[in-house]
file final-v3.cif (mmCIF, C-alpha atoms)
data_run
#
loop_
_atom_site.group_PDB
_atom_site.id
_atom_site.type_symbol
_atom_site.label_atom_id
_atom_site.label_comp_id
_atom_site.auth_asym_id
_atom_site.auth_seq_id
_atom_site.Cartn_x
_atom_site.Cartn_y
_atom_site.Cartn_z
ATOM 1 C CA MET A 1 38.393 11.763 -38.857
ATOM 2 C CA SER A 2 37.592 8.098 -38.037
ATOM 3 C CA THR A 3 38.754 7.138 -41.500
ATOM 4 C CA GLY A 4 39.422 3.587 -40.360
ATOM 5 C CA ALA A 5 36.815 0.860 -40.509
ATOM 6 C CA PRO A 6 34.235 1.752 -37.893
ATOM 7 C CA SER A 7 32.810 -0.827 -35.559
ATOM 8 C CA VAL A 8 29.276 0.517 -36.006
ATOM 9 C CA ALA A 9 26.836 -1.017 -38.446
ATOM 10 C CA LEU A 10 26.216 0.624 -41.788
ATOM 11 C CA HIS A 11 23.115 2.828 -41.716
ATOM 12 C CA PRO A 12 20.434 1.108 -43.856
ATOM 13 C CA ASP A 13 20.011 4.260 -45.974
ATOM 14 C CA VAL A 14 23.598 3.983 -47.240
ATOM 15 C CA ALA A 15 23.495 0.271 -48.038
ATOM 16 C CA VAL A 16 22.965 1.256 -51.699
ATOM 17 C CA LEU A 17 26.403 2.931 -51.658
ATOM 18 C CA GLU A 18 28.218 0.175 -49.785
ATOM 19 C CA PHE A 19 30.102 -0.707 -52.971
ATOM 20 C CA LEU A 20 32.036 2.574 -52.624
ATOM 21 C CA LEU A 21 33.436 1.877 -49.142
ATOM 22 C CA GLY A 22 37.183 1.523 -48.853
ATOM 23 C CA THR A 23 40.362 3.082 -50.201
ATOM 24 C CA TRP A 24 40.975 3.365 -53.929
ATOM 25 C CA VAL A 25 44.293 4.165 -55.607
ATOM 26 C CA GLY A 26 45.201 4.689 -59.246
ATOM 27 C CA GLU A 27 46.000 7.226 -61.922
ATOM 28 C CA GLY A 28 44.108 9.849 -63.856
ATOM 29 C CA GLN A 29 44.470 12.306 -66.704
ATOM 30 C CA GLY A 30 43.470 15.946 -66.718
ATOM 31 C CA HIS A 31 42.937 18.332 -69.590
ATOM 32 C CA TYR A 32 41.235 21.650 -70.196
ATOM 33 C CA PRO A 33 41.519 24.352 -72.861
ATOM 34 C CA THR A 34 43.327 26.692 -70.473
ATOM 35 C CA ILE A 35 46.009 24.280 -69.213
ATOM 36 C CA ASN A 36 48.479 21.651 -70.415
ATOM 37 C CA ALA A 37 47.260 18.062 -70.185
ATOM 38 C CA PHE A 38 48.650 16.218 -67.176
ATOM 39 C CA GLY A 39 48.646 12.824 -65.467
ATOM 40 C CA TYR A 40 48.239 12.321 -61.743
ATOM 41 C CA GLY A 41 48.226 9.721 -59.009
ATOM 42 C CA GLU A 42 45.156 9.565 -56.796
ATOM 43 C CA GLU A 43 43.833 8.115 -53.577
ATOM 44 C CA VAL A 44 40.108 8.182 -52.763
ATOM 45 C CA ARG A 45 38.527 7.080 -49.499
ATOM 46 C CA PHE A 46 34.901 6.429 -48.625
ATOM 47 C CA TRP A 47 33.971 5.585 -45.050
ATOM 48 C CA HIS A 48 30.985 5.710 -42.725
ATOM 49 C CA VAL A 49 30.224 6.361 -39.076
ATOM 50 C CA GLY A 50 26.845 4.621 -38.851
ATOM 51 C CA LYS A 51 24.898 7.657 -40.023
ATOM 52 C CA PRO A 52 22.955 8.077 -43.291
ATOM 53 C CA PHE A 53 25.862 9.389 -45.377
ATOM 54 C CA LEU A 54 29.288 8.342 -46.595
ATOM 55 C CA ALA A 55 32.279 10.527 -45.812
ATOM 56 C CA TYR A 56 34.664 11.047 -48.705
ATOM 57 C CA SER A 57 38.144 12.407 -49.142
ATOM 58 C CA GLN A 58 40.463 12.505 -52.083
ATOM 59 C CA ARG A 59 43.999 13.605 -52.852
ATOM 60 C CA THR A 60 46.073 13.617 -56.002
ATOM 61 C CA TRP A 61 49.791 13.966 -56.634
ATOM 62 C CA ALA A 62 52.193 14.588 -59.485
ATOM 63 C CA LEU A 63 53.439 11.339 -61.023
ATOM 64 C CA GLU A 64 56.993 12.684 -61.412
ATOM 65 C CA ASP A 65 57.738 13.666 -57.831
ATOM 66 C CA GLY A 66 54.717 12.774 -55.687
ATOM 67 C CA LYS A 67 54.027 16.408 -54.830
ATOM 68 C CA PRO A 68 50.405 17.044 -53.813
ATOM 69 C CA LEU A 69 48.166 18.531 -56.518
ATOM 70 C CA HIS A 70 44.476 18.599 -55.663
ATOM 71 C CA GLY A 71 42.385 17.415 -52.742
ATOM 72 C CA GLU A 72 38.758 17.486 -51.758
ATOM 73 C CA ALA A 73 36.505 16.334 -48.964
ATOM 74 C CA GLY A 74 32.790 15.880 -48.630
ATOM 75 C CA TYR A 75 29.782 13.712 -48.001
ATOM 76 C CA TRP A 76 27.522 11.522 -50.138
ATOM 77 C CA ARG A 77 23.865 11.405 -49.070
ATOM 78 C CA PRO A 78 21.670 8.702 -50.612
ATOM 79 C CA LYS A 79 17.966 9.555 -50.718
ATOM 80 C CA PRO A 80 14.894 7.580 -51.746
ATOM 81 C CA ASP A 81 14.257 6.567 -55.359
ATOM 82 C CA GLY A 82 17.917 6.373 -56.361
ATOM 83 C CA VAL A 83 18.602 10.042 -55.693
ATOM 84 C CA VAL A 84 22.064 10.916 -54.358
ATOM 85 C CA GLU A 85 23.183 14.262 -52.956
ATOM 86 C CA LEU A 86 26.831 15.263 -52.711
ATOM 87 C CA VAL A 87 28.536 18.164 -50.921
ATOM 88 C CA ILE A 88 32.234 18.863 -51.430
ATOM 89 C CA ALA A 89 34.806 21.435 -50.327
ATOM 90 C CA MET A 90 38.036 22.010 -52.260
ATOM 91 C CA PRO A 91 41.269 23.802 -51.338
ATOM 92 C CA THR A 92 40.931 25.811 -54.545
ATOM 93 C CA GLY A 93 38.305 27.834 -52.653
ATOM 94 C CA HIS A 94 35.301 26.084 -54.144
ATOM 95 C CA VAL A 95 32.334 24.238 -52.723
ATOM 96 C CA GLU A 96 29.939 22.062 -54.678
ATOM 97 C CA VAL A 97 26.399 20.871 -54.155
ATOM 98 C CA GLU A 98 25.602 18.108 -56.609
ATOM 99 C CA GLU A 99 22.567 15.951 -57.109
ATOM 100 C CA GLY A 100 21.859 13.013 -59.349
ATOM 101 C CA THR A 101 21.030 9.372 -59.525
ATOM 102 C CA LEU A 102 22.368 5.952 -58.734
ATOM 103 C CA GLU A 103 21.707 3.198 -61.248
ATOM 104 C CA GLY A 104 23.293 -0.120 -60.364
ATOM 105 C CA THR A 105 26.804 0.935 -59.359
ATOM 106 C CA THR A 106 26.927 4.048 -61.556
ATOM 107 C CA LEU A 107 26.483 7.519 -60.083
ATOM 108 C CA SER A 108 25.631 10.442 -62.381
ATOM 109 C CA LEU A 109 25.569 13.822 -60.671
ATOM 110 C CA ALA A 110 25.435 17.468 -61.712
ATOM 111 C CA SER A 111 26.014 20.609 -59.706
ATOM 112 C CA ARG A 112 23.081 22.650 -58.555
ATOM 113 C CA LEU A 113 25.544 25.082 -57.009
ATOM 114 C CA VAL A 114 29.259 25.817 -57.211
ATOM 115 C CA GLY A 115 30.331 28.398 -54.655
ATOM 116 C CA ALA A 116 33.669 30.190 -54.566
ATOM 117 C CA THR A 117 35.690 32.448 -52.339
ATOM 118 C CA SER A 118 36.565 35.951 -53.580
ATOM 119 C CA THR A 119 39.965 34.908 -54.883
ATOM 120 C CA ALA A 120 38.971 31.539 -56.428
ATOM 121 C CA LYS A 121 38.709 30.959 -60.169
ATOM 122 C CA ALA A 122 35.259 31.104 -61.771
ATOM 123 C CA VAL A 123 33.696 27.635 -61.916
ATOM 124 C CA THR A 124 30.074 27.608 -63.043
ATOM 125 C CA ALA A 125 29.171 23.919 -63.353
ATOM 126 C CA ILE A 126 30.536 20.474 -62.557
ATOM 127 C CA THR A 127 29.289 17.000 -63.382
ATOM 128 C CA ARG A 128 30.608 13.735 -62.001
ATOM 129 C CA ARG A 129 30.095 10.216 -63.233
ATOM 130 C CA VAL A 130 31.438 7.417 -61.028
ATOM 131 C CA GLN A 131 31.212 3.801 -62.104
ATOM 132 C CA VAL A 132 32.330 0.823 -60.024
ATOM 133 C CA ASP A 133 32.868 -2.677 -61.349
ATOM 134 C CA ASP A 134 33.859 -4.846 -58.398
ATOM 135 C CA ASP A 135 37.269 -3.492 -57.350
ATOM 136 C CA VAL A 136 37.696 -0.958 -60.165
ATOM 137 C CA LEU A 137 36.375 2.589 -59.880
ATOM 138 C CA HIS A 138 36.276 4.781 -62.947
ATOM 139 C CA TYR A 139 35.199 8.407 -62.923
ATOM 140 C CA VAL A 140 34.796 11.319 -65.287
ATOM 141 C CA MET A 141 34.569 14.864 -63.967
ATOM 142 C CA SER A 142 33.440 17.616 -66.324
ATOM 143 C CA MET A 143 33.609 21.317 -65.609
ATOM 144 C CA ALA A 144 32.565 24.697 -66.957
ATOM 145 C CA ALA A 145 35.158 27.195 -65.760
ATOM 146 C CA VAL A 146 36.943 30.446 -66.597
ATOM 147 C CA GLY A 147 34.580 31.067 -69.510
ATOM 148 C CA ALA A 148 34.879 27.625 -71.120
ATOM 149 C CA PRO A 149 31.736 25.511 -71.564
ATOM 150 C CA LEU A 150 31.064 22.283 -69.679
ATOM 151 C CA GLN A 151 33.517 19.644 -70.889
ATOM 152 C CA GLU A 152 35.520 16.703 -69.650
ATOM 153 C CA HIS A 153 38.316 17.767 -67.305
ATOM 154 C CA LEU A 154 39.412 14.669 -65.376
ATOM 155 C CA THR A 155 39.166 10.939 -65.891
ATOM 156 C CA ALA A 156 40.729 8.251 -63.716
ATOM 157 C CA GLU A 157 40.747 4.565 -63.015
ATOM 158 C CA LEU A 158 41.338 3.434 -59.454
ATOM 159 C CA ARG A 159 41.575 0.049 -57.776
ATOM 160 C CA ARG A 160 40.369 -0.867 -54.338
ATOM 161 C CA VAL A 161 43.366 -1.356 -52.040
ATOM 162 C CA ALA A 162 41.614 -1.570 -48.659
ATOM 163 C CA MET B 1 44.430 11.274 -45.970
ATOM 164 C CA SER B 2 47.853 12.422 -44.851
ATOM 165 C CA THR B 3 46.426 13.790 -41.642
ATOM 166 C CA GLY B 4 49.664 13.034 -39.881
ATOM 167 C CA ALA B 5 52.558 15.457 -39.697
ATOM 168 C CA PRO B 6 53.836 15.814 -43.235
ATOM 169 C CA SER B 7 57.516 15.854 -44.021
ATOM 170 C CA VAL B 8 57.138 18.848 -46.348
ATOM 171 C CA ALA B 9 57.794 22.392 -45.176
ATOM 172 C CA LEU B 10 54.893 24.663 -44.326
ATOM 173 C CA HIS B 11 54.014 26.928 -47.239
ATOM 174 C CA PRO B 12 55.019 30.487 -46.275
ATOM 175 C CA ASP B 13 51.476 31.759 -46.974
ATOM 176 C CA VAL B 14 50.077 29.611 -44.162
ATOM 177 C CA ALA B 15 52.703 30.506 -41.575
ATOM 178 C CA VAL B 16 50.159 32.935 -40.107
ATOM 179 C CA LEU B 17 47.871 29.977 -39.321
ATOM 180 C CA GLU B 18 50.583 27.666 -37.974
ATOM 181 C CA PHE B 19 49.134 28.065 -34.478
ATOM 182 C CA LEU B 20 46.122 25.995 -35.597
ATOM 183 C CA LEU B 21 48.091 22.915 -36.667
ATOM 184 C CA GLY B 22 47.504 19.735 -34.713
ATOM 185 C CA THR B 23 44.673 17.795 -33.125
ATOM 186 C CA TRP B 24 42.342 19.433 -30.613
ATOM 187 C CA VAL B 25 39.909 17.637 -28.297
ATOM 188 C CA GLY B 26 37.352 18.954 -25.845
ATOM 189 C CA GLU B 27 33.700 19.624 -25.205
ATOM 190 C CA GLY B 28 31.094 22.022 -26.458
ATOM 191 C CA GLN B 29 27.540 23.144 -25.902
ATOM 192 C CA GLY B 30 24.844 23.633 -28.509
ATOM 193 C CA HIS B 31 21.580 25.503 -28.349
ATOM 194 C CA TYR B 32 19.039 26.921 -30.755
ATOM 195 C CA PRO B 33 15.394 27.975 -30.488
ATOM 196 C CA THR B 34 14.233 24.919 -32.419
ATOM 197 C CA ILE B 35 16.096 22.234 -30.434
ATOM 198 C CA ASN B 36 16.939 21.158 -26.882
ATOM 199 C CA ALA B 37 20.292 22.356 -25.578
ATOM 200 C CA PHE B 38 22.980 19.663 -25.701
ATOM 201 C CA GLY B 39 26.603 19.005 -24.815
ATOM 202 C CA TYR B 40 29.041 17.238 -27.088
ATOM 203 C CA GLY B 41 32.572 15.884 -27.334
ATOM 204 C CA GLU B 42 34.683 17.127 -30.212
ATOM 205 C CA GLU B 43 37.882 16.469 -32.111
ATOM 206 C CA VAL B 44 39.274 19.016 -34.573
ATOM 207 C CA ARG B 45 42.296 18.505 -36.815
ATOM 208 C CA PHE B 46 44.273 21.005 -38.860
ATOM 209 C CA TRP B 47 47.064 19.757 -41.130
ATOM 210 C CA HIS B 48 48.987 20.838 -44.191
ATOM 211 C CA VAL B 49 50.554 19.293 -47.285
ATOM 212 C CA GLY B 50 53.002 22.078 -48.164
ATOM 213 C CA LYS B 51 50.463 24.040 -50.178
ATOM 214 C CA PRO B 52 48.972 27.462 -49.360
ATOM 215 C CA PHE B 53 46.033 26.178 -47.301
ATOM 216 C CA LEU B 54 45.307 24.197 -44.154
ATOM 217 C CA ALA B 55 43.127 21.118 -44.376
ATOM 218 C CA TYR B 56 40.543 20.800 -41.623
ATOM 219 C CA SER B 57 38.257 18.110 -40.311
ATOM 220 C CA GLN B 58 36.016 17.942 -37.316
ATOM 221 C CA ARG B 59 33.749 15.417 -35.649
ATOM 222 C CA THR B 60 31.546 15.554 -32.595
ATOM 223 C CA TRP B 61 29.918 12.875 -30.481
ATOM 224 C CA ALA B 62 27.278 12.510 -27.790
ATOM 225 C CA LEU B 63 28.765 12.687 -24.307
ATOM 226 C CA GLU B 64 26.490 9.913 -23.003
ATOM 227 C CA ASP B 65 27.334 7.149 -25.440
ATOM 228 C CA GLY B 66 30.009 8.429 -27.839
ATOM 229 C CA LYS B 67 27.704 8.169 -30.849
ATOM 230 C CA PRO B 68 28.706 10.454 -33.728
ATOM 231 C CA LEU B 69 26.727 13.694 -34.020
ATOM 232 C CA HIS B 70 28.136 16.190 -36.510
ATOM 233 C CA GLY B 71 31.165 16.298 -38.743
ATOM 234 C CA GLU B 72 32.614 18.669 -41.288
ATOM 235 C CA ALA B 73 35.618 18.976 -43.551
ATOM 236 C CA GLY B 74 37.184 21.842 -45.422
ATOM 237 C CA TYR B 75 40.098 24.123 -46.124
ATOM 238 C CA TRP B 76 41.399 27.393 -44.676
ATOM 239 C CA ARG B 77 43.043 29.751 -47.170
ATOM 240 C CA PRO B 78 45.037 32.661 -45.761
ATOM 241 C CA LYS B 79 45.297 35.652 -48.096
ATOM 242 C CA PRO B 80 47.219 38.939 -47.881
ATOM 243 C CA ASP B 81 46.341 41.640 -45.352
ATOM 244 C CA GLY B 82 44.984 39.260 -42.719
ATOM 245 C CA VAL B 83 42.166 37.962 -44.903
ATOM 246 C CA VAL B 84 41.196 34.316 -44.467
ATOM 247 C CA GLU B 85 38.903 32.284 -46.708
ATOM 248 C CA LEU B 86 37.209 29.088 -45.564
ATOM 249 C CA VAL B 87 35.317 26.405 -47.488
ATOM 250 C CA ILE B 88 33.476 23.626 -45.664
ATOM 251 C CA ALA B 89 31.239 20.673 -46.515
ATOM 252 C CA MET B 90 28.885 19.122 -43.968
ATOM 253 C CA PRO B 91 27.018 15.802 -43.922
ATOM 254 C CA THR B 92 23.820 17.740 -43.210
ATOM 255 C CA GLY B 93 23.889 18.581 -46.932
ATOM 256 C CA HIS B 94 25.365 22.048 -46.534
ATOM 257 C CA VAL B 95 28.416 23.803 -47.891
ATOM 258 C CA GLU B 96 29.830 27.070 -46.644
ATOM 259 C CA VAL B 97 32.035 29.758 -48.110
ATOM 260 C CA GLU B 98 33.235 32.076 -45.365
ATOM 261 C CA GLU B 99 35.562 35.036 -45.384
ATOM 262 C CA GLY B 100 36.982 37.160 -42.629
ATOM 263 C CA THR B 101 40.066 38.274 -40.845
ATOM 264 C CA LEU B 102 42.871 37.044 -38.677
ATOM 265 C CA GLU B 103 43.999 39.294 -35.841
ATOM 266 C CA GLY B 104 46.713 37.797 -33.664
ATOM 267 C CA THR B 105 45.402 34.284 -33.091
ATOM 268 C CA THR B 106 41.720 35.165 -33.446
ATOM 269 C CA LEU B 107 39.780 34.351 -36.605
ATOM 270 C CA SER B 108 36.454 36.096 -37.278
ATOM 271 C CA LEU B 109 34.623 34.835 -40.350
ATOM 272 C CA ALA B 110 31.162 35.214 -41.858
ATOM 273 C CA SER B 111 29.479 33.295 -44.643
ATOM 274 C CA ARG B 112 29.236 34.814 -48.053
ATOM 275 C CA LEU B 113 27.377 31.705 -49.176
ATOM 276 C CA VAL B 114 25.648 28.750 -47.564
ATOM 277 C CA GLY B 115 24.586 26.154 -50.113
ATOM 278 C CA ALA B 116 22.263 23.244 -49.490
ATOM 279 C CA THR B 117 21.014 20.104 -51.158
ATOM 280 C CA SER B 118 17.296 19.783 -51.946
ATOM 281 C CA THR B 119 16.549 17.875 -48.746
ATOM 282 C CA ALA B 120 18.751 19.891 -46.339
ATOM 283 C CA LYS B 121 17.369 22.320 -43.783
ATOM 284 C CA ALA B 122 17.367 26.017 -44.644
ATOM 285 C CA VAL B 123 20.526 27.700 -43.350
ATOM 286 C CA THR B 124 20.969 31.289 -44.486
ATOM 287 C CA ALA B 125 24.047 32.539 -42.629
ATOM 288 C CA ILE B 126 26.880 31.281 -40.439
ATOM 289 C CA THR B 127 29.605 33.096 -38.553
ATOM 290 C CA ARG B 128 32.610 31.539 -36.852
ATOM 291 C CA ARG B 129 34.982 32.993 -34.301
ATOM 292 C CA VAL B 130 38.017 30.895 -33.391
ATOM 293 C CA GLN B 131 40.452 32.029 -30.738
ATOM 294 C CA VAL B 132 43.633 30.202 -29.763
ATOM 295 C CA ASP B 133 45.638 30.859 -26.609
ATOM 296 C CA ASP B 134 48.635 28.535 -26.708
ATOM 297 C CA ASP B 135 47.152 25.048 -26.401
ATOM 298 C CA VAL B 136 43.535 26.089 -25.866
ATOM 299 C CA LEU B 137 41.165 26.666 -28.776
ATOM 300 C CA HIS B 138 37.826 28.328 -28.164
ATOM 301 C CA TYR B 139 35.200 28.836 -30.818
ATOM 302 C CA VAL B 140 31.731 30.259 -31.223
ATOM 303 C CA MET B 141 29.595 29.344 -34.216
ATOM 304 C CA SER B 142 26.456 31.377 -34.899
ATOM 305 C CA MET B 143 23.785 30.479 -37.404
ATOM 306 C CA ALA B 144 20.627 31.786 -39.050
ATOM 307 C CA ALA B 145 18.496 28.768 -39.908
ATOM 308 C CA VAL B 146 14.937 27.494 -40.321
ATOM 309 C CA GLY B 147 13.577 31.043 -40.065
ATOM 310 C CA ALA B 148 15.477 32.042 -36.908
ATOM 311 C CA PRO B 149 17.815 35.058 -37.031
ATOM 312 C CA LEU B 150 21.605 34.811 -36.699
ATOM 313 C CA GLN B 151 22.425 33.753 -33.151
ATOM 314 C CA GLU B 152 24.905 31.706 -31.191
ATOM 315 C CA HIS B 153 24.493 27.981 -31.853
ATOM 316 C CA LEU B 154 27.697 26.268 -30.713
ATOM 317 C CA THR B 155 30.521 27.107 -28.357
ATOM 318 C CA ALA B 156 33.385 24.832 -27.377
ATOM 319 C CA GLU B 157 36.742 24.755 -25.669
ATOM 320 C CA LEU B 158 39.334 22.318 -26.971
ATOM 321 C CA ARG B 159 42.875 21.459 -25.947
ATOM 322 C CA ARG B 160 45.728 20.538 -28.231
ATOM 323 C CA VAL B 161 46.489 16.833 -27.837
ATOM 324 C CA ALA B 162 48.894 16.341 -30.747
#

call {"tool": "encode", "arguments": {"input": "final-v3.cif", "output": "structure tokens"}}
result
Amino acid sequence: MSTGAPSVALHPDVAVLEFLLGTWVGEGQGHYPTINAFGYGEEVRFWHVGKPFLAYSQRTWALEDGKPLHGEAGYWRPKPDGVVELVIAMPTGHVEVEEGTLEGTTLSLASRLVGATSTAKAVTAITRRVQVDDDVLHYVMSMAAVGAPLQEHLTAELRRVA
Amino acid sequence: MSTGAPSVALHPDVAVLEFLLGTWVGEGQGHYPTINAFGYGEEVRFWHVGKPFLAYSQRTWALEDGKPLHGEAGYWRPKPDGVVELVIAMPTGHVEVEEGTLEGTTLSLASRLVGATSTAKAVTAITRRVQVDDDVLHYVMSMAAVGAPLQEHLTAELRRVA
């Protein structure tokens, strides 16, 4: 996992995403037509191993009792001309391939593919917007799922803790 | 990312995969028509958070100098009747959805989907066979990619170290 700070130099291709590196903790809110609105605690980590991508993992927990809710893991791949590719796996049985752009410290991505196992819920599209201002990371994740059109599902504000 | 031993009880649905839990280290060999054969070092981790899946991460390195080669992260989802679902993201820009069966301590899975970012190489199918005998894990990963038919790509033998 090498989630700690590596001793290797950052690959020059990921210098544009250096502002993401570290561990971020905070709280978010989730809502969707098919579920009750909920709050959650969250930890996000971005790290690198000297190769042209950032590794990413995330976990959330219930605010009341700390029980784990969601999690995901993947890789961010910066490409020329501000293009960023993202691949993610989720314990819900979904995988995502997203592509989009980096402008300043704001990432705006949309799925070109959401894959699912046989028993996973139907998710047809996801978009992610991640904005970093110094040590504050704010994101909005929108989703089209179980017949509902693309709409905001999750929003959170995290602070860099390491 | 809570990769350590959690204090929560194993979810009963993943009891059938308990034999995977822990950290595994060893060496593997890779070959494919389009590349030179190569050896690699590898660490694989399986852990749980009390929910009905196992989290998984893997990294490999060059035997000569320890430089990172591949990595992947995902989730194993046991289902009734010996069915197992697997979702994986890879820094190569690929995601995988695999499904298959568990018999004893042998997992045999095949991709129902391999997704890729715009700049990733063409991979059309992957199969994985993982066999555990006590503290030894052996796997074979086969792949159809860049126009070549499905064939063995990676094989490794790992030992449980934690």

call {"tool": "atom_distance", "arguments": {"input": "final-v3.cif", "atom1": "atom CA of B:Gly147", "atom2": "atom CA of B:Pro91"}}
result
20.7 Å

call {"tool": "resolve_selection", "arguments": {"input": "final-v3.cif", "expression": "the PyMOL selection byres ((chain B) within 7 of (chain A))", "output": "ChimeraX atom specification"}}
result
/B:49,53,57-59,68,73-75,85,87-91,93-95,97,115-117

call {"tool": "residues_around", "arguments": {"input": "final-v3.cif", "residues": "A:Leu107", "least_positions_apart": "5", "cutoff": "10 Å", "atoms": "only C-alpha atoms", "output": "JSON list (two decimals) with C-alpha atoms, in the coordinates of the input"}}
result
[["chain", "number", "residue", "atom", "x", "y", "z"],
["A", 17, "LEU", "CA", 26.40, 2.93, -51.66],
["A", 82, "GLY", "CA", 17.92, 6.37, -56.36],
["A", 83, "VAL", "CA", 18.60, 10.04, -55.69],
["A", 84, "VAL", "CA", 22.06, 10.92, -54.36],
["A", 99, "GLU", "CA", 22.57, 15.95, -57.11],
["A", 100, "GLY", "CA", 21.86, 13.01, -59.35],
["A", 101, "THR", "CA", 21.03, 9.37, -59.52],
["A", 102, "LEU", "CA", 22.37, 5.95, -58.73],
["A", 128, "ARG", "CA", 30.61, 13.74, -62.00],
["A", 129, "ARG", "CA", 30.10, 10.22, -63.23],
["A", 130, "VAL", "CA", 31.44, 7.42, -61.03],
["A", 131, "GLN", "CA", 31.21, 3.80, -62.10],
["A", 132, "VAL", "CA", 32.33, 0.82, -60.02],
["A", 139, "TYR", "CA", 35.20, 8.41, -62.92]]

call {"tool": "atom_distance", "arguments": {"input": "final-v3.cif", "atom1": "atom CA of B:Asp133", "atom2": "atom CA of B:Arg159"}}
result
9.8 Å

call {"tool": "atom_distance", "arguments": {"input": "final-v3.cif", "atom1": "atom CA of B:Glu103", "atom2": "atom CA of B:Leu150"}}
result
22.9 Å

call {"tool": "resolve_selection", "arguments": {"input": "final-v3.cif", "expression": "the PyMOL selection byres ((chain A and resi 124) around 7)", "output": "PyMOL selection string"}}
result
chain A and resi 114+122-123+125+144-145

call {"tool": "resolve_selection", "arguments": {"input": "final-v3.cif", "expression": "the PyMOL selection byres ((chain A and resi 134) around 12)", "output": "ChimeraX atom specification"}}
result
/A:18-22,24,104-106,131-133,135-138,158-161

call {"tool": "closest_residue", "arguments": {"input": "final-v3.cif", "among": "A:Ala148, A:Met141, A:Val16, A:Ala162", "to": "A:Gly30", "atoms": "all atoms listed in the file"}}
result
A:Met141

call {"tool": "closest_residue", "arguments": {"input": "final-v3.cif", "among": "A:Pro12, A:Gly66, A:Gly41, A:Pro78", "to": "A:Val25", "atoms": "only C-alpha atoms"}}
result
A:Gly41

call {"tool": "decode", "arguments": {"input": "final-v3.cif", "residues": "stretch 16-61 of chain A", "atoms": "C-alpha atoms", "output": "short mmCIF file (atom, residue, chain, number, x, y, z; two decimals), in the first residue's frame"}}
result
data_model
loop_
_atom_site.label_atom_id
_atom_site.label_comp_id
_atom_site.auth_asym_id
_atom_site.auth_seq_id
_atom_site.Cartn_x
_atom_site.Cartn_y
_atom_site.Cartn_z
CA VAL A 16 -0.07 19.48 -11.57
CA LEU A 17 -1.90 17.37 -8.96
CA GLU A 18 0.60 17.86 -6.15
CA PHE A 19 -1.93 20.03 -4.32
CA LEU A 20 -4.00 16.88 -3.66
CA LEU A 21 -1.26 14.94 -1.85
CA GLY A 22 -1.86 14.13 1.79
CA THR A 23 -4.65 13.02 4.10
CA TRP A 24 -7.91 14.94 4.30
CA VAL A 25 -10.58 14.58 6.98
CA GLY A 26 -13.98 16.20 7.38
CA GLU A 27 -17.71 15.74 7.02
CA GLY A 28 -20.16 15.40 4.19
CA GLN A 29 -23.86 15.21 3.44
CA GLY A 30 -25.62 12.72 1.21
CA HIS A 31 -29.05 12.81 -0.34
CA TYR A 32 -30.90 11.09 -3.15
CA PRO A 33 -34.57 10.63 -4.04
CA THR A 34 -34.48 6.97 -3.02
CA ILE A 35 -32.89 7.37 0.43
CA ASN A 36 -33.05 9.49 3.58
CA ALA A 37 -30.55 12.34 3.74
CA PHE A 38 -27.54 11.55 5.91
CA GLY A 39 -24.32 13.06 7.24
CA TYR A 40 -21.00 11.25 7.31
CA GLY A 41 -17.40 11.54 8.42
CA GLU A 42 -14.74 11.04 5.78
CA GLU A 43 -11.04 10.47 5.29
CA VAL A 44 -9.42 10.81 1.86
CA ARG A 45 -5.81 10.02 1.02
CA PHE A 46 -3.78 10.84 -2.07
CA TRP A 47 -0.24 9.51 -2.37
CA HIS A 48 2.33 8.70 -5.03
CA VAL A 49 5.05 6.16 -5.71
CA GLY A 50 7.11 8.14 -8.22
CA LYS A 51 5.04 7.04 -11.20
CA PRO A 52 2.77 9.19 -13.40
CA PHE A 53 -0.39 8.79 -11.31
CA LEU A 54 -1.71 9.50 -7.83
CA ALA A 55 -3.12 6.66 -5.76
CA TYR A 56 -6.33 7.47 -3.94
CA SER A 57 -8.38 5.88 -1.21
CA GLN A 58 -11.38 7.06 0.70
CA ARG A 59 -13.56 5.85 3.55
CA THR A 60 -16.61 7.28 5.25
CA TRP A 61 -18.31 6.51 8.54
#
